[in-house]
Amino acid sequence: MPPIPDAHRLAGGEHSAAPGHAADDLPSGYPRGHGAGARVDRATVEYDLAALERDGYVVLPGLLTPLECAEIRHTVAPLLDRAGRSAFEGHRTQRVYGLLNKTRRCDRLADHPRVLALLDRLFEPGYLLSQLQVIDINHGEHAQPLHTDDAFYRSPRPRPPLGAATMWAVDPFTRDNGATVLLPGSHRWGDDRRPGGDDTRVTALMPPGSCLFYVGTLWHGGGANRSGGNRLAVTAQYIQPWLRQQEAFTLSVTRDTARAVSEDIRRMIGYSVHPPFVGMVDGMHPRRLLEARPAASRPAGG
């Protein structure tokens with residue numbers, strides 16, 4: 001991965017268009033200060049970035065307490081009502097999509113300051129949340145095919161990542177229960193290289209409450225589960241502000257939910273403008289949609 005440029009922006013902030021542009025006033029009605037990532041001390045961010053540049057991933061331990069993990073487990077358990085539909089999703093893996101509109105319990109994972117601090121360095125201001133979901137790998141699941149998360153943005157490699165992801169361990173990640181398998185350094189590979197038998201593979205062994213952060217160009221995959229139990233995790237994916245999100249949050253999230261989430265999440269699900277006017281609604285900042293009080297069931301973009 002090419003060196004990550006030094007931050008020259010407000011954390012997750014928005015900048016006005018060039019003077020005289022017809023869209024000058026789009027962001028100006030909703031000025032932003034520093035996001036939550038600005039609260040993380042510089043030395044910690046530099047340490048995390050060094051590991052990320054070297055390996056393509058970094059493990060951030062102890063970000064959630066045992067009580068928080070227990071509360072997440074209790075909250076999402078009733079939502080785990082369907083198995084995967086393909087070998088990639090996992091026929092013995094249960095996933096919960098549309099998580100933001102189903103519970104507030106996982107918000108802290110999507111906008112954790114330690115995560116946002118890295119995203120502030122990796123991406124342009126106004127980066128977006130691409131999806132937030134629960135992944136529960138059940139006993140008997142096969143290893144997931146190795147893949148990169150931003151491959152569907154068809155831009156030649158090697159290149160800087162267009163996306164990044166987190167994998168939060170709600171249960172312990174072990175060698176036997178489906179812990180994520182990573183190929184260190186593979187984020188620097190070109191299009192002509194695929195994982196082979198001689199490539200080093202690392203299993204992300206983590207206690208509950210840990211967060212695995214990795215860039216979208218890193219080859220990885222969920223491991224096989226031979227443990228006799230399940231492996232519960234929550235994953236969030238993020239992208240540059242000029243890319244299309246995997247989840248259409250403006251359709252899947254109601255306006256009442258958009259009002260309830262943090263300012264960082266609200267921005268990341270699309271209530272923001274990428275200068276000069278990407279993301280506008282009827283020529284205005286999308287935050288104006290939240291000033292009215294639609295019915296709770298009305299979609300955010302409706």
# chains A, B, ... in the order shown; residues from 1 in each chain; ligands from 1

call {"tool": "residues_around", "arguments": {"residues": "Asn225 of chain A", "least_positions_apart": "2", "cutoff": "10 Å", "atoms": "only C-alpha atoms", "output": "list in words"}}
result
Arg92, Thr93, Ile137, Asn138, His139, Gly140, Glu141, His142, Ala143, Thr174, Arg175, Asp176, Asn177, Gly178, Ala179, Gly222, Gly223, Ser227, Gly228, Gly229, Asn230 and Arg231 of chain A

call {"tool": "write_last_selection", "arguments": {"atoms": "C-alpha atoms", "output": "PDB file, in the first residue's frame"}}
result
ATOM      1  CA  ARG A  92     -23.928 -22.248   8.043  1.00  0.00           C
ATOM      2  CA  THR A  93     -23.372 -18.581   8.773  1.00  0.00           C
ATOM      3  CA  ILE A 137     -20.316 -18.387  12.013  1.00  0.00           C
ATOM      4  CA  ASN A 138     -21.973 -21.618  13.131  1.00  0.00           C
ATOM      5  CA  HIS A 139     -20.361 -24.974  13.844  1.00  0.00           C
ATOM      6  CA  GLY A 140     -19.604 -26.898  10.661  1.00  0.00           C
ATOM      7  CA  GLU A 141     -19.069 -23.863   8.454  1.00  0.00           C
ATOM      8  CA  HIS A 142     -16.378 -24.156   5.795  1.00  0.00           C
ATOM      9  CA  ALA A 143     -13.667 -21.553   5.341  1.00  0.00           C
ATOM     10  CA  THR A 174      -9.880 -18.883  17.930  1.00  0.00           C
ATOM     11  CA  ARG A 175      -8.182 -21.146  15.397  1.00  0.00           C
ATOM     12  CA  ASP A 176     -11.108 -23.560  15.549  1.00  0.00           C
ATOM     13  CA  ASN A 177     -14.200 -21.337  15.556  1.00  0.00           C
ATOM     14  CA  GLY A 178     -13.866 -19.305  12.357  1.00  0.00           C
ATOM     15  CA  ALA A 179     -11.476 -16.501  13.238  1.00  0.00           C
ATOM     16  CA  GLY A 222     -13.571 -16.128   7.512  1.00  0.00           C
ATOM     17  CA  GLY A 223     -12.112 -19.365   8.844  1.00  0.00           C
ATOM     18  CA  SER A 227     -15.290 -25.765  17.501  1.00  0.00           C
ATOM     19  CA  GLY A 228     -18.768 -27.091  18.274  1.00  0.00           C
ATOM     20  CA  GLY A 229     -19.972 -23.558  19.038  1.00  0.00           C
ATOM     21  CA  ASN A 230     -20.600 -20.272  17.249  1.00  0.00           C
ATOM     22  CA  ARG A 231     -18.401 -17.240  16.567  1.00  0.00           C
TER      23      ARG A 231
END

call {"tool": "select_by_dssp", "arguments": {"residues": "segment 93-226 of chain A", "states": "strand (DSSP E or B)", "output": "ChimeraX atom specification"}}
result
/A:93-96,128-137,147,163-169,173,177,181-182,202-203,206,211-215,220-221,225

call {"tool": "write_last_selection", "arguments": {"atoms": "N, CA, C and O atoms", "output": "short mmCIF file (atom, residue, chain, number, x, y, z; two decimals), in the first residue's frame"}}
result
data_model
loop_
_atom_site.label_atom_id
_atom_site.label_comp_id
_atom_site.auth_asym_id
_atom_site.auth_seq_id
_atom_site.Cartn_x
_atom_site.Cartn_y
_atom_site.Cartn_z
N THR A 93 -23.67 -19.87 8.16
CA THR A 93 -23.37 -18.58 8.77
C THR A 93 -24.63 -17.72 8.74
O THR A 93 -25.28 -17.61 7.71
N GLN A 94 -24.95 -17.12 9.87
CA GLN A 94 -26.11 -16.23 9.95
C GLN A 94 -25.64 -14.79 9.94
O GLN A 94 -24.65 -14.43 10.59
N ARG A 95 -26.36 -13.96 9.18
CA ARG A 95 -26.01 -12.55 9.04
C ARG A 95 -27.24 -11.69 9.32
O ARG A 95 -28.35 -12.07 8.97
N VAL A 96 -27.00 -10.54 9.92
CA VAL A 96 -28.06 -9.55 10.13
C VAL A 96 -27.66 -8.31 9.36
O VAL A 96 -26.66 -7.65 9.68
N LEU A 128 -17.66 7.44 3.95
CA LEU A 128 -18.98 6.89 4.21
C LEU A 128 -18.92 5.51 4.85
O LEU A 128 -17.96 4.76 4.66
N LEU A 129 -19.95 5.19 5.59
CA LEU A 129 -20.19 3.83 6.05
C LEU A 129 -20.83 3.07 4.90
O LEU A 129 -21.83 3.53 4.33
N SER A 130 -20.26 1.94 4.53
CA SER A 130 -20.78 1.18 3.40
C SER A 130 -21.75 0.10 3.84
O SER A 130 -22.73 -0.18 3.16
N GLN A 131 -21.48 -0.52 4.98
CA GLN A 131 -22.44 -1.46 5.55
C GLN A 131 -22.06 -1.75 7.00
O GLN A 131 -20.93 -1.55 7.42
N LEU A 132 -23.06 -2.19 7.76
CA LEU A 132 -22.88 -2.60 9.15
C LEU A 132 -23.72 -3.85 9.33
O LEU A 132 -24.92 -3.83 9.09
N GLN A 133 -23.08 -4.96 9.73
CA GLN A 133 -23.83 -6.21 9.84
C GLN A 133 -23.25 -7.11 10.92
O GLN A 133 -22.11 -6.96 11.35
N VAL A 134 -24.08 -8.05 11.35
CA VAL A 134 -23.68 -9.09 12.29
C VAL A 134 -23.32 -10.34 11.49
O VAL A 134 -24.01 -10.69 10.52
N ILE A 135 -22.26 -11.03 11.89
CA ILE A 135 -21.87 -12.29 11.27
C ILE A 135 -21.68 -13.33 12.36
O ILE A 135 -20.82 -13.16 13.23
N ASP A 136 -22.49 -14.38 12.32
CA ASP A 136 -22.40 -15.46 13.31
C ASP A 136 -22.04 -16.75 12.57
O ASP A 136 -22.88 -17.35 11.90
N ILE A 137 -20.78 -17.17 12.68
CA ILE A 137 -20.32 -18.39 12.01
C ILE A 137 -20.65 -19.58 12.88
O ILE A 137 -20.15 -19.71 14.01
N HIS A 147 -10.69 -13.25 -0.27
CA HIS A 147 -11.17 -12.16 -1.11
C HIS A 147 -10.62 -10.83 -0.60
O HIS A 147 -10.04 -10.76 0.49
N GLY A 163 -11.53 1.26 0.36
CA GLY A 163 -12.36 0.97 1.51
C GLY A 163 -11.54 0.39 2.63
O GLY A 163 -10.35 0.07 2.48
N ALA A 164 -12.16 0.27 3.79
CA ALA A 164 -11.55 -0.37 4.95
C ALA A 164 -12.66 -1.00 5.77
O ALA A 164 -13.84 -0.65 5.61
N ALA A 165 -12.29 -1.95 6.61
CA ALA A 165 -13.31 -2.67 7.38
C ALA A 165 -12.83 -2.93 8.79
O ALA A 165 -11.63 -2.93 9.08
N THR A 166 -13.80 -3.15 9.67
CA THR A 166 -13.54 -3.61 11.02
C THR A 166 -14.26 -4.93 11.24
O THR A 166 -15.34 -5.16 10.68
N MET A 167 -13.67 -5.78 12.04
CA MET A 167 -14.32 -7.02 12.48
C MET A 167 -14.20 -7.04 14.01
O MET A 167 -13.11 -7.17 14.56
N TRP A 168 -15.35 -6.89 14.67
CA TRP A 168 -15.39 -6.81 16.13
C TRP A 168 -15.69 -8.18 16.72
O TRP A 168 -16.70 -8.80 16.39
N ALA A 169 -14.81 -8.64 17.59
CA ALA A 169 -14.98 -9.94 18.24
C ALA A 169 -15.95 -9.80 19.42
O ALA A 169 -15.61 -9.22 20.45
N PHE A 173 -12.17 -15.08 19.18
CA PHE A 173 -11.74 -15.55 17.86
C PHE A 173 -10.62 -16.56 18.09
O PHE A 173 -9.56 -16.19 18.59
N ASN A 177 -12.80 -21.77 15.63
CA ASN A 177 -14.20 -21.34 15.56
C ASN A 177 -14.50 -20.34 14.44
O ASN A 177 -15.56 -19.72 14.43
N VAL A 181 -8.96 -15.14 8.69
CA VAL A 181 -7.63 -15.48 8.18
C VAL A 181 -7.14 -14.34 7.30
O VAL A 181 -7.87 -13.84 6.43
N LEU A 182 -5.92 -13.89 7.53
CA LEU A 182 -5.35 -12.73 6.84
C LEU A 182 -4.06 -13.11 6.14
O LEU A 182 -3.31 -13.97 6.61
N VAL A 202 -2.20 -15.64 8.49
CA VAL A 202 -2.26 -15.38 9.92
C VAL A 202 -3.72 -15.46 10.36
O VAL A 202 -4.61 -14.93 9.69
N THR A 203 -3.96 -16.13 11.48
CA THR A 203 -5.30 -16.19 12.04
C THR A 203 -5.44 -15.10 13.10
O THR A 203 -4.61 -14.98 13.99
N MET A 206 -8.31 -13.26 18.81
CA MET A 206 -8.68 -12.08 19.59
C MET A 206 -9.62 -12.45 20.71
O MET A 206 -10.54 -13.25 20.51
N CYS A 211 -10.98 -5.40 18.21
CA CYS A 211 -11.39 -4.97 16.87
C CYS A 211 -10.24 -5.21 15.91
O CYS A 211 -9.12 -4.75 16.13
N LEU A 212 -10.53 -5.93 14.83
CA LEU A 212 -9.58 -6.11 13.74
C LEU A 212 -9.90 -5.06 12.67
O LEU A 212 -11.01 -5.02 12.15
N PHE A 213 -8.93 -4.21 12.35
CA PHE A 213 -9.09 -3.18 11.33
C PHE A 213 -8.20 -3.54 10.16
O PHE A 213 -7.01 -3.80 10.34
N TYR A 214 -8.76 -3.56 8.95
CA TYR A 214 -7.95 -3.91 7.78
C TYR A 214 -8.41 -3.12 6.57
O TYR A 214 -9.57 -2.70 6.48
N VAL A 215 -7.49 -2.92 5.64
CA VAL A 215 -7.80 -2.13 4.45
C VAL A 215 -8.47 -3.02 3.40
O VAL A 215 -8.33 -4.24 3.40
N HIS A 220 -8.22 -11.80 2.58
CA HIS A 220 -8.63 -12.36 3.87
C HIS A 220 -9.88 -13.21 3.66
O HIS A 220 -10.45 -13.25 2.57
N GLY A 221 -10.33 -13.86 4.73
CA GLY A 221 -11.59 -14.61 4.68
C GLY A 221 -11.90 -15.20 6.05
O GLY A 221 -11.01 -15.38 6.88
N ASN A 225 -15.25 -23.32 10.97
CA ASN A 225 -15.63 -23.47 12.37
C ASN A 225 -15.76 -24.95 12.71
O ASN A 225 -16.72 -25.61 12.32
#

call {"tool": "residues_around", "arguments": {"residues": "Tyr153 of chain A", "least_positions_apart": "2", "cutoff": "9 Å", "atoms": "only C-alpha atoms", "output": "PyMOL selection string"}}
result
chain A and resi 150-151+155+162+243

call {"tool": "write_last_selection", "arguments": {"atoms": "all heavy atoms", "output": "CSV table (one decimal), in the first residue's frame"}}
result
chain,number,residue,atom,x,y,z
A,150,ASP,N,-12.7,-4.4,-1.4
A,150,ASP,CA,-13.0,-3.4,-2.4
A,150,ASP,C,-12.8,-3.8,-3.8
A,150,ASP,O,-12.6,-2.9,-4.7
A,150,ASP,CB,-12.3,-2.0,-2.0
A,150,ASP,CG,-10.8,-2.1,-2.1
A,150,ASP,OD1,-10.3,-3.2,-2.6
A,150,ASP,OD2,-10.1,-1.1,-1.8
A,151,ALA,N,-12.8,-5.1,-4.1
A,151,ALA,CA,-12.5,-5.6,-5.4
A,151,ALA,C,-13.6,-5.2,-6.4
A,151,ALA,O,-13.3,-5.1,-7.6
A,151,ALA,CB,-12.3,-7.1,-5.4
A,155,SER,N,-10.7,-0.8,-10.0
A,155,SER,CA,-9.6,0.0,-10.2
A,155,SER,C,-8.3,-0.8,-10.1
A,155,SER,O,-8.2,-1.6,-9.2
A,155,SER,CB,-9.6,1.2,-9.2
A,155,SER,OG,-8.6,2.0,-9.4
A,162,LEU,N,-9.6,1.7,-1.4
A,162,LEU,CA,-10.8,2.5,-1.6
A,162,LEU,C,-11.8,2.3,-0.4
A,162,LEU,O,-12.7,3.0,-0.3
A,162,LEU,CB,-11.5,2.1,-2.9
A,162,LEU,CG,-10.6,2.4,-4.2
A,162,LEU,CD1,-11.3,1.9,-5.4
A,162,LEU,CD2,-10.3,3.8,-4.3
A,243,LEU,N,-17.7,7.1,-3.6
A,243,LEU,CA,-18.1,5.7,-4.0
A,243,LEU,C,-19.5,5.4,-3.6
A,243,LEU,O,-20.0,5.9,-2.6
A,243,LEU,CB,-17.1,4.7,-3.5
A,243,LEU,CG,-15.7,4.7,-4.0
A,243,LEU,CD1,-14.8,3.8,-3.2
A,243,LEU,CD2,-15.7,4.3,-5.5

call {"tool": "residues_around", "arguments": {"residues": "Arg188 of chain A", "least_positions_apart": "5", "cutoff": "12 Å", "atoms": "only C-alpha atoms", "output": "list of chain:residue names"}}
result
A:Met1, A:Pro2, A:Pro3, A:Leu52, A:Glu53, A:Arg54, A:Asp55, A:Gly56, A:Thr148, A:Pro156, A:Arg157, A:Pro158, A:Arg159, A:Pro160, A:Pro161, A:Leu183, A:Arg193, A:Arg194, A:Val215, A:Gly216, A:Thr217, A:Leu218, A:Trp219

call {"tool": "atom_distance", "arguments": {"atom1": "atom CA of Asp282 of chain A", "atom2": "atom CA of Glu247 of chain A"}}
result
21.9 Å

call {"tool": "select_by_dssp", "arguments": {"residues": "segment 51-177 of chain A", "states": "alpha helix (DSSP H)", "output": "MDAnalysis selection string"}}
result
chainID A and resid 51:55 66:76 107:110 113:122

call {"tool": "closest_residue", "arguments": {"among": "A:Ala236, A:Ala248, A:Asp171, A:Pro113", "to": "Ala70 of chain A", "atoms": "only C-alpha atoms"}}
result
A:Asp171

call {"tool": "closest_residue", "arguments": {"among": "A:Pro145, A:Pro61, A:Gly35, A:Pro125", "to": "Val273 of chain A", "atoms": "only C-alpha atoms"}}
result
A:Pro125
